[in-house]
Amino acid sequence: MIELVNITKSYDGKINVIENLNLKINKGEIVVLIGESGCGKTTTLRMINRLNEPTGGTIMIDGEDYTKMSKIELRRQLGYVIQKVGLMPHLTVGKNIEIIPELKGWDKQKRKDRAYELLNVVDLPPEEYYDRYPHELSGGQQQRIGVARALAVNPDIILMDEPFSALDPVTREQLQKELLRLQDDLGKTIVFVTHDMDEALKIGDKIAVMKDGKILQYDTPEEILKNPANDFVEYFVGKDRLWKSPEMLRAEDIMHKTLVTIGQKRTPAQVIEVMKEKDMEFIFIVEKETSKPQPPIGYITRDNLRKQGSNNVKMADICNREFITIQHDAKMTDVLKIMEDKSARNLPVLDDDGNLIGMITTASILNLITKAVVGEEESQ
């Protein structure tokens, strides 16, 4: 785990480029630092491996004050990948990967075996690439070698400073996917700097949005999209981005939260009056009418009520008890599929305890589409 506690950084002793920054990064997470140029994200990253020393505060790595470690030994225990790769042009691919293992005293065969292993990991066949030189590789291939070199001594922590920003969009997307694949296999703790929100959302377990040396919001991509902390975060993320990212949306994000329900002992006449007042075509039945969420018993429509010949029956006796529900955390893509497959115009949404907390209707879906269209028009 990495923990930055009350970190301050000033280069001239007058102006703080980092101001009282606190950040906790758990083992095995990819945490993305993002913000406009000059916000302090790269300075923060560089302080973790002591390329920049903090002016004040403490940085802990696995509970140990990192200032008590040797700078050289610390850097040999951290993987570091930068934008311009930084491969030694006079060394072969294999020798570039073996730099840190050699400094740590590994014998020749062990170094070569590790280089071969890592070339396979980054999908560059060692028989073809081990003896080649950096200038013989494409930008994407060089960056893969940079990642392999960072993994050479199997560090727990990898620092990545805009590693893919200089690449073309296709190569960049390929390497983003490759990074996620590697993370699934290796489970490293990765601190990743970028200025691209699309990239941050794709790869980050958590995102720290920075401005003027401070973290404005530190949370999961979903939470930042749904609940930006302030106007700047909302502007930086993009107001319409959530509505263009259906994979991020859940049932609870698009449901109607204002619900009208009726107790199971109500009569048809009473229910018809409520439906008229609320302009409803159907209503869900619960055990009792309280302010607390309850499991749905069934539902009744206006047509069902009009066909009742007697007003002496209760809702529990005549309601339709066969209906489809969906969990609050179901993806929007699953919601749409169920509505299509089951020809359902309305889907009750349940919480983890099976209580009715909302309703997805065709109107709520249309409202979602309208937000996306309006957002798109405003951004043009």
# chains A, B, ... in the order shown; residues from 1 in each chain; ligands from 1
>>> residues_around(residues="segment 292-295 of chain A", least_positions_apart="5", cutoff="7 Å", atoms="only C-alpha atoms", output="ChimeraX atom specification")
/A:286,354-357
>>> closest_atom_pairs(of="segment 122-225 of chain A", to="segment 48-71 of chain A", cutoff="12 Å", atoms="only C-alpha atoms", output="Markdown table")
| residue | atom | partner | partner_atom | distance |
| --- | --- | --- | --- | --- |
| A:Asp156 | CA | A:Asp62 | CA | 10.3 |
| A:Ile157 | CA | A:Ile61 | CA | 9.5 |
| A:Ile158 | CA | A:Asn49 | CA | 10.0 |
| A:Leu159 | CA | A:Asn49 | CA | 8.4 |
| A:Met160 | CA | A:Asn49 | CA | 11.3 |
| A:Asp161 | CA | A:Ile48 | CA | 12.0 |
| A:Thr189 | CA | A:Ile61 | CA | 11.2 |
| A:Ile190 | CA | A:Ile48 | CA | 11.6 |
| A:Val191 | CA | A:Ile48 | CA | 9.5 |
| A:Phe192 | CA | A:Ile48 | CA | 11.9 |
>>> select_by_dssp(residues="segment 53-291 of chain A", states="strand (DSSP E or B)", output="mmCIF file with N, CA and C atoms, in the first residue's frame")
data_model
loop_
_atom_site.group_PDB
_atom_site.id
_atom_site.type_symbol
_atom_site.label_atom_id
_atom_site.label_comp_id
_atom_site.auth_asym_id
_atom_site.auth_seq_id
_atom_site.Cartn_x
_atom_site.Cartn_y
_atom_site.Cartn_z
ATOM 1 N N GLY A 56 7.139 18.840 2.495
ATOM 2 C CA GLY A 56 6.568 18.494 3.791
ATOM 3 C C GLY A 56 5.642 17.295 3.663
ATOM 4 N N GLY A 57 5.365 16.652 4.787
ATOM 5 C CA GLY A 57 4.493 15.487 4.780
ATOM 6 C C GLY A 57 5.275 14.184 4.746
ATOM 7 N N THR A 58 4.550 13.085 4.676
ATOM 8 C CA THR A 58 5.153 11.752 4.739
ATOM 9 C C THR A 58 4.582 10.859 3.645
ATOM 10 N N ILE A 59 5.450 10.064 3.033
ATOM 11 C CA ILE A 59 5.006 9.034 2.096
ATOM 12 C C ILE A 59 5.377 7.680 2.685
ATOM 13 N N MET A 60 4.361 6.836 2.840
ATOM 14 C CA MET A 60 4.562 5.509 3.405
ATOM 15 C C MET A 60 4.356 4.462 2.318
ATOM 16 N N ILE A 61 5.251 3.490 2.274
ATOM 17 C CA ILE A 61 5.092 2.343 1.380
ATOM 18 C C ILE A 61 5.081 1.092 2.235
ATOM 19 N N GLU A 64 6.040 1.735 5.809
ATOM 20 C CA GLU A 64 7.391 2.217 6.125
ATOM 21 C C GLU A 64 7.627 3.577 5.503
ATOM 22 N N ASP A 65 8.194 4.486 6.280
ATOM 23 C CA ASP A 65 8.533 5.812 5.789
ATOM 24 C C ASP A 65 9.598 5.682 4.699
ATOM 25 N N LEU A 78 10.883 -0.345 -7.623
ATOM 26 C CA LEU A 78 9.705 0.212 -8.273
ATOM 27 C C LEU A 78 9.865 0.125 -9.786
ATOM 28 N N GLY A 79 8.828 -0.296 -10.481
ATOM 29 C CA GLY A 79 8.826 -0.214 -11.933
ATOM 30 C C GLY A 79 8.451 1.190 -12.359
ATOM 31 N N TYR A 80 9.068 1.684 -13.433
ATOM 32 C CA TYR A 80 8.813 3.062 -13.861
ATOM 33 C C TYR A 80 8.726 3.100 -15.384
ATOM 34 N N VAL A 81 7.589 3.566 -15.897
ATOM 35 C CA VAL A 81 7.379 3.647 -17.342
ATOM 36 C C VAL A 81 7.008 5.085 -17.679
ATOM 37 N N ILE A 82 7.736 5.691 -18.633
ATOM 38 C CA ILE A 82 7.497 7.084 -18.978
ATOM 39 C C ILE A 82 7.033 7.208 -20.423
ATOM 40 N N ILE A 157 5.119 -2.416 -7.081
ATOM 41 C CA ILE A 157 4.568 -1.115 -7.477
ATOM 42 C C ILE A 157 5.140 -0.695 -8.825
ATOM 43 N N ILE A 158 4.263 -0.228 -9.719
ATOM 44 C CA ILE A 158 4.691 0.288 -11.017
ATOM 45 C C ILE A 158 4.142 1.698 -11.179
ATOM 46 N N LEU A 159 5.003 2.630 -11.535
ATOM 47 C CA LEU A 159 4.629 4.018 -11.778
ATOM 48 C C LEU A 159 4.653 4.268 -13.286
ATOM 49 N N MET A 160 3.578 4.855 -13.810
ATOM 50 C CA MET A 160 3.466 5.054 -15.253
ATOM 51 C C MET A 160 3.072 6.505 -15.529
ATOM 52 N N ASP A 161 3.985 7.247 -16.180
ATOM 53 C CA ASP A 161 3.767 8.671 -16.442
ATOM 54 C C ASP A 161 3.395 8.889 -17.908
ATOM 55 N N THR A 189 0.366 -3.027 -7.984
ATOM 56 C CA THR A 189 -0.144 -1.717 -7.588
ATOM 57 C C THR A 189 0.403 -0.709 -8.586
ATOM 58 N N ILE A 190 -0.493 -0.053 -9.317
ATOM 59 C CA ILE A 190 -0.072 0.813 -10.414
ATOM 60 C C ILE A 190 -0.588 2.225 -10.185
ATOM 61 N N VAL A 191 0.326 3.195 -10.257
ATOM 62 C CA VAL A 191 -0.045 4.612 -10.237
ATOM 63 C C VAL A 191 0.181 5.134 -11.651
ATOM 64 N N PHE A 192 -0.864 5.634 -12.265
ATOM 65 C CA PHE A 192 -0.861 5.937 -13.703
ATOM 66 C C PHE A 192 -1.259 7.398 -13.896
ATOM 67 N N VAL A 193 -0.405 8.173 -14.542
ATOM 68 C CA VAL A 193 -0.694 9.579 -14.819
ATOM 69 C C VAL A 193 -1.185 9.726 -16.256
ATOM 70 N N THR A 194 -2.272 10.476 -16.436
ATOM 71 C CA THR A 194 -2.768 10.775 -17.771
ATOM 72 C C THR A 194 -3.504 12.105 -17.738
ATOM 73 N N LYS A 206 -9.556 3.397 -9.402
ATOM 74 C CA LYS A 206 -9.916 4.675 -8.785
ATOM 75 C C LYS A 206 -9.238 5.790 -9.574
ATOM 76 N N ILE A 207 -9.849 6.970 -9.509
ATOM 77 C CA ILE A 207 -9.331 8.135 -10.211
ATOM 78 C C ILE A 207 -9.213 9.284 -9.222
ATOM 79 N N ALA A 208 -8.054 9.966 -9.249
ATOM 80 C CA ALA A 208 -7.868 11.179 -8.459
ATOM 81 C C ALA A 208 -7.843 12.360 -9.418
ATOM 82 N N VAL A 209 -8.865 13.198 -9.343
ATOM 83 C CA VAL A 209 -8.932 14.391 -10.193
ATOM 84 C C VAL A 209 -8.221 15.523 -9.467
ATOM 85 N N MET A 210 -7.183 16.099 -10.110
ATOM 86 C CA MET A 210 -6.346 17.100 -9.466
ATOM 87 C C MET A 210 -6.493 18.474 -10.119
ATOM 88 N N LYS A 211 -6.306 19.495 -9.292
ATOM 89 C CA LYS A 211 -6.300 20.882 -9.771
ATOM 90 C C LYS A 211 -5.490 21.713 -8.782
ATOM 91 N N LYS A 214 -3.992 20.030 -5.705
ATOM 92 C CA LYS A 214 -4.900 19.405 -4.742
ATOM 93 C C LYS A 214 -5.736 18.334 -5.434
ATOM 94 N N ILE A 215 -6.177 17.350 -4.643
ATOM 95 C CA ILE A 215 -7.099 16.340 -5.150
ATOM 96 C C ILE A 215 -8.520 16.801 -4.856
ATOM 97 N N LEU A 216 -9.290 17.036 -5.912
ATOM 98 C CA LEU A 216 -10.659 17.501 -5.755
ATOM 99 C C LEU A 216 -11.623 16.352 -5.503
ATOM 100 N N GLN A 217 -11.326 15.197 -6.105
ATOM 101 C CA GLN A 217 -12.177 14.021 -5.888
ATOM 102 C C GLN A 217 -11.354 12.769 -6.136
ATOM 103 N N TYR A 218 -11.515 11.800 -5.257
ATOM 104 C CA TYR A 218 -10.802 10.522 -5.367
ATOM 105 C C TYR A 218 -11.815 9.419 -5.149
ATOM 106 N N ASP A 219 -12.150 8.712 -6.230
ATOM 107 C CA ASP A 219 -13.207 7.716 -6.117
ATOM 108 C C ASP A 219 -13.168 6.795 -7.328
ATOM 109 N N ARG A 250 -26.269 1.883 -14.259
ATOM 110 C CA ARG A 250 -26.957 0.809 -13.577
ATOM 111 C C ARG A 250 -28.455 1.123 -13.520
ATOM 112 N N HIS A 256 -37.159 5.598 -12.088
ATOM 113 C CA HIS A 256 -37.945 6.594 -11.374
ATOM 114 C C HIS A 256 -37.897 6.247 -9.896
ATOM 115 N N THR A 261 -47.228 3.211 -4.166
ATOM 116 C CA THR A 261 -47.655 1.814 -3.967
ATOM 117 C C THR A 261 -48.947 1.803 -3.156
ATOM 118 N N ILE A 262 -49.602 0.662 -3.187
ATOM 119 C CA ILE A 262 -50.892 0.514 -2.496
ATOM 120 C C ILE A 262 -50.845 -0.728 -1.604
ATOM 121 N N GLY A 263 -51.420 -0.627 -0.415
ATOM 122 C CA GLY A 263 -51.472 -1.766 0.498
ATOM 123 C C GLY A 263 -52.386 -2.868 -0.019
ATOM 124 N N PHE A 282 -50.983 1.685 -13.915
ATOM 125 C CA PHE A 282 -50.811 0.478 -13.101
ATOM 126 C C PHE A 282 -50.182 0.893 -11.776
ATOM 127 N N ILE A 283 -50.247 0.014 -10.801
ATOM 128 C CA ILE A 283 -49.678 0.325 -9.496
ATOM 129 C C ILE A 283 -49.248 -0.970 -8.821
ATOM 130 N N PHE A 284 -48.148 -0.917 -8.063
ATOM 131 C CA PHE A 284 -47.654 -2.111 -7.378
ATOM 132 C C PHE A 284 -48.262 -2.220 -5.984
ATOM 133 N N ILE A 285 -48.501 -3.460 -5.600
ATOM 134 C CA ILE A 285 -49.129 -3.770 -4.318
ATOM 135 C C ILE A 285 -48.060 -4.215 -3.329
ATOM 136 N N VAL A 286 -48.130 -3.657 -2.107
ATOM 137 C CA VAL A 286 -47.216 -4.053 -1.028
ATOM 138 C C VAL A 286 -48.059 -4.441 0.189
#
>>> closest_atom_pairs(of="segment 135-171 of chain A", to="segment 106-120 of chain A", cutoff="10 Å", atoms="only C-alpha atoms", output="CSV")
residue,atom,partner,partner_atom,distance
A:Arg144,CA,A:Leu119,CA,8.5
A:Ile145,CA,A:Leu119,CA,7.5
A:Val147,CA,A:Leu118,CA,9.0
A:Ala148,CA,A:Leu118,CA,5.6
A:Arg149,CA,A:Leu118,CA,8.1
A:Ala150,CA,A:Leu118,CA,10.0
A:Leu151,CA,A:Leu118,CA,7.6
A:Ala152,CA,A:Arg114,CA,6.9
A:Val153,CA,A:Arg114,CA,8.5
A:Asn154,CA,A:Arg114,CA,9.8
>>> write_last_selection(atoms="N, CA and C atoms", output="CSV table (one decimal), in the first residue's frame")
chain,number,residue,atom,x,y,z
A,144,ARG,N,6.0,-1.4,-25.2
A,144,ARG,CA,5.9,-2.7,-24.6
A,144,ARG,C,7.2,-3.2,-23.9
A,145,ILE,N,8.3,-2.8,-24.5
A,145,ILE,CA,9.6,-3.1,-23.9
A,145,ILE,C,9.8,-2.3,-22.7
A,147,VAL,N,7.4,-1.4,-20.6
A,147,VAL,CA,6.6,-2.1,-19.6
A,147,VAL,C,7.3,-3.4,-19.1
A,148,ALA,N,7.9,-4.2,-20.1
A,148,ALA,CA,8.7,-5.4,-19.7
A,148,ALA,C,9.8,-5.0,-18.8
A,149,ARG,N,10.5,-3.9,-19.1
A,149,ARG,CA,11.7,-3.5,-18.3
A,149,ARG,C,11.2,-3.2,-16.9
A,150,ALA,N,10.1,-2.5,-16.8
A,150,ALA,CA,9.5,-2.1,-15.5
A,150,ALA,C,9.2,-3.3,-14.6
A,151,LEU,N,8.9,-4.4,-15.3
A,151,LEU,CA,8.5,-5.7,-14.6
A,151,LEU,C,9.7,-6.6,-14.3
A,152,ALA,N,10.8,-6.2,-14.7
A,152,ALA,CA,12.0,-7.1,-14.7
A,152,ALA,C,12.3,-7.8,-13.4
A,153,VAL,N,12.2,-7.0,-12.3
A,153,VAL,CA,12.6,-7.6,-11.0
A,153,VAL,C,11.3,-7.9,-10.2
A,154,ASN,N,10.2,-8.0,-10.9
A,154,ASN,CA,8.9,-8.3,-10.3
A,154,ASN,C,8.5,-7.3,-9.1
>>> select_by_dssp(residues="segment 70-148 of chain A", states="helix (DSSP H, G or I)", output="ChimeraX atom specification")
/A:71-76,93-97,99-103,108-121,126-129,134-136,139-148
>>> atom_distance(atom1="atom CA of Arg76 of chain A", atom2="atom CA of Ser138 of chain A")
26.8 Å
>>> closest_residue(among="A:Gln327, A:Thr267, A:Asn26, A:Thr361", to="Gln308 of chain A", atoms="only C-alpha atoms")
A:Thr267
>>> closest_residue(among="A:Leu305, A:Leu201, A:Glu252, A:Leu103", to="Glu273 of chain A", atoms="only C-alpha atoms")
A:Leu305
>>> residues_around(residues="segment 328-336 of chain A", least_positions_apart="5", cutoff="9 Å", atoms="only C-alpha atoms", output="PDB file with C-alpha atoms, in the first residue's frame")
ATOM      1  CA  PRO A 246     -24.078   2.667 -21.019  1.00  0.00           C
ATOM      2  CA  GLU A 247     -21.637   0.135 -19.561  1.00  0.00           C
ATOM      3  CA  MET A 248     -21.263   2.495 -16.579  1.00  0.00           C
ATOM      4  CA  LEU A 249     -24.987   2.944 -15.994  1.00  0.00           C
ATOM      5  CA  ARG A 250     -26.957   0.809 -13.577  1.00  0.00           C
ATOM      6  CA  ALA A 251     -30.682   0.310 -13.111  1.00  0.00           C
ATOM      7  CA  GLU A 252     -30.661   2.640 -10.110  1.00  0.00           C
ATOM      8  CA  ASP A 253     -29.272   5.451 -12.275  1.00  0.00           C
ATOM      9  CA  ILE A 254     -32.173   5.462 -14.714  1.00  0.00           C
ATOM     10  CA  MET A 255     -35.134   4.366 -12.610  1.00  0.00           C
ATOM     11  CA  ASP A 341     -36.717 -10.184 -24.613  1.00  0.00           C
ATOM     12  CA  LEU A 347     -39.426  -3.059 -14.726  1.00  0.00           C
ATOM     13  CA  VAL A 349     -36.169  -2.303  -9.376  1.00  0.00           C
ATOM     14  CA  LEU A 350     -35.269  -4.109  -6.145  1.00  0.00           C
ATOM     15  CA  ASP A 351     -32.567  -3.456  -3.565  1.00  0.00           C
ATOM     16  CA  ASP A 352     -30.344  -6.175  -2.100  1.00  0.00           C
ATOM     17  CA  ILE A 357     -37.080   1.043  -4.654  1.00  0.00           C
ATOM     18  CA  GLY A 358     -37.855   2.287  -8.157  1.00  0.00           C
ATOM     19  CA  ILE A 360     -37.764   1.632 -15.026  1.00  0.00           C
ATOM     20  CA  ILE A 365     -35.289   5.112 -21.103  1.00  0.00           C
TER      21      ILE A 365
END
>>> atom_distance(atom1="atom CA of Leu124 of chain A", atom2="atom CA of Met197 of chain A")
28.7 Å
>>> residues_around(residues="Gln141 of chain A", least_positions_apart="5", cutoff="12 Å", atoms="only C-alpha atoms", output="short mmCIF file (atom, residue, chain, number, x, y, z; two decimals) with C-alpha atoms, in the first residue's frame")
data_model
loop_
_atom_site.label_atom_id
_atom_site.label_comp_id
_atom_site.auth_asym_id
_atom_site.auth_seq_id
_atom_site.Cartn_x
_atom_site.Cartn_y
_atom_site.Cartn_z
CA VAL A 85 10.09 5.04 -23.10
CA LEU A 87 15.27 2.72 -23.82
CA VAL A 93 15.96 -5.15 -26.37
CA LEU A 119 8.91 -10.63 -23.85
CA VAL A 122 4.09 -8.45 -23.52
CA ASP A 123 3.42 -10.54 -26.64
CA LEU A 124 6.75 -9.96 -28.40
CA PRO A 125 8.32 -13.35 -29.29
CA TYR A 129 12.95 -9.38 -30.50
CA ARG A 132 16.92 -6.27 -31.91
CA TYR A 133 17.63 -2.60 -31.15
CA PRO A 134 15.08 0.05 -30.11
CA HIS A 135 15.29 1.94 -33.42
CA GLU A 136 14.11 -1.19 -35.21
CA GLY A 146 9.34 -0.26 -21.47
CA VAL A 147 6.61 -2.14 -19.61
CA ALA A 148 8.65 -5.36 -19.70
CA PHE A 164 0.73 5.83 -24.06
CA LEU A 167 1.08 6.75 -29.57
CA THR A 171 -1.86 1.39 -30.71
CA ARG A 172 -2.85 3.28 -27.59
CA GLN A 174 -4.21 -1.96 -27.79
CA LEU A 175 -1.73 -1.16 -25.02
CA GLU A 178 -2.71 -5.15 -22.73
#
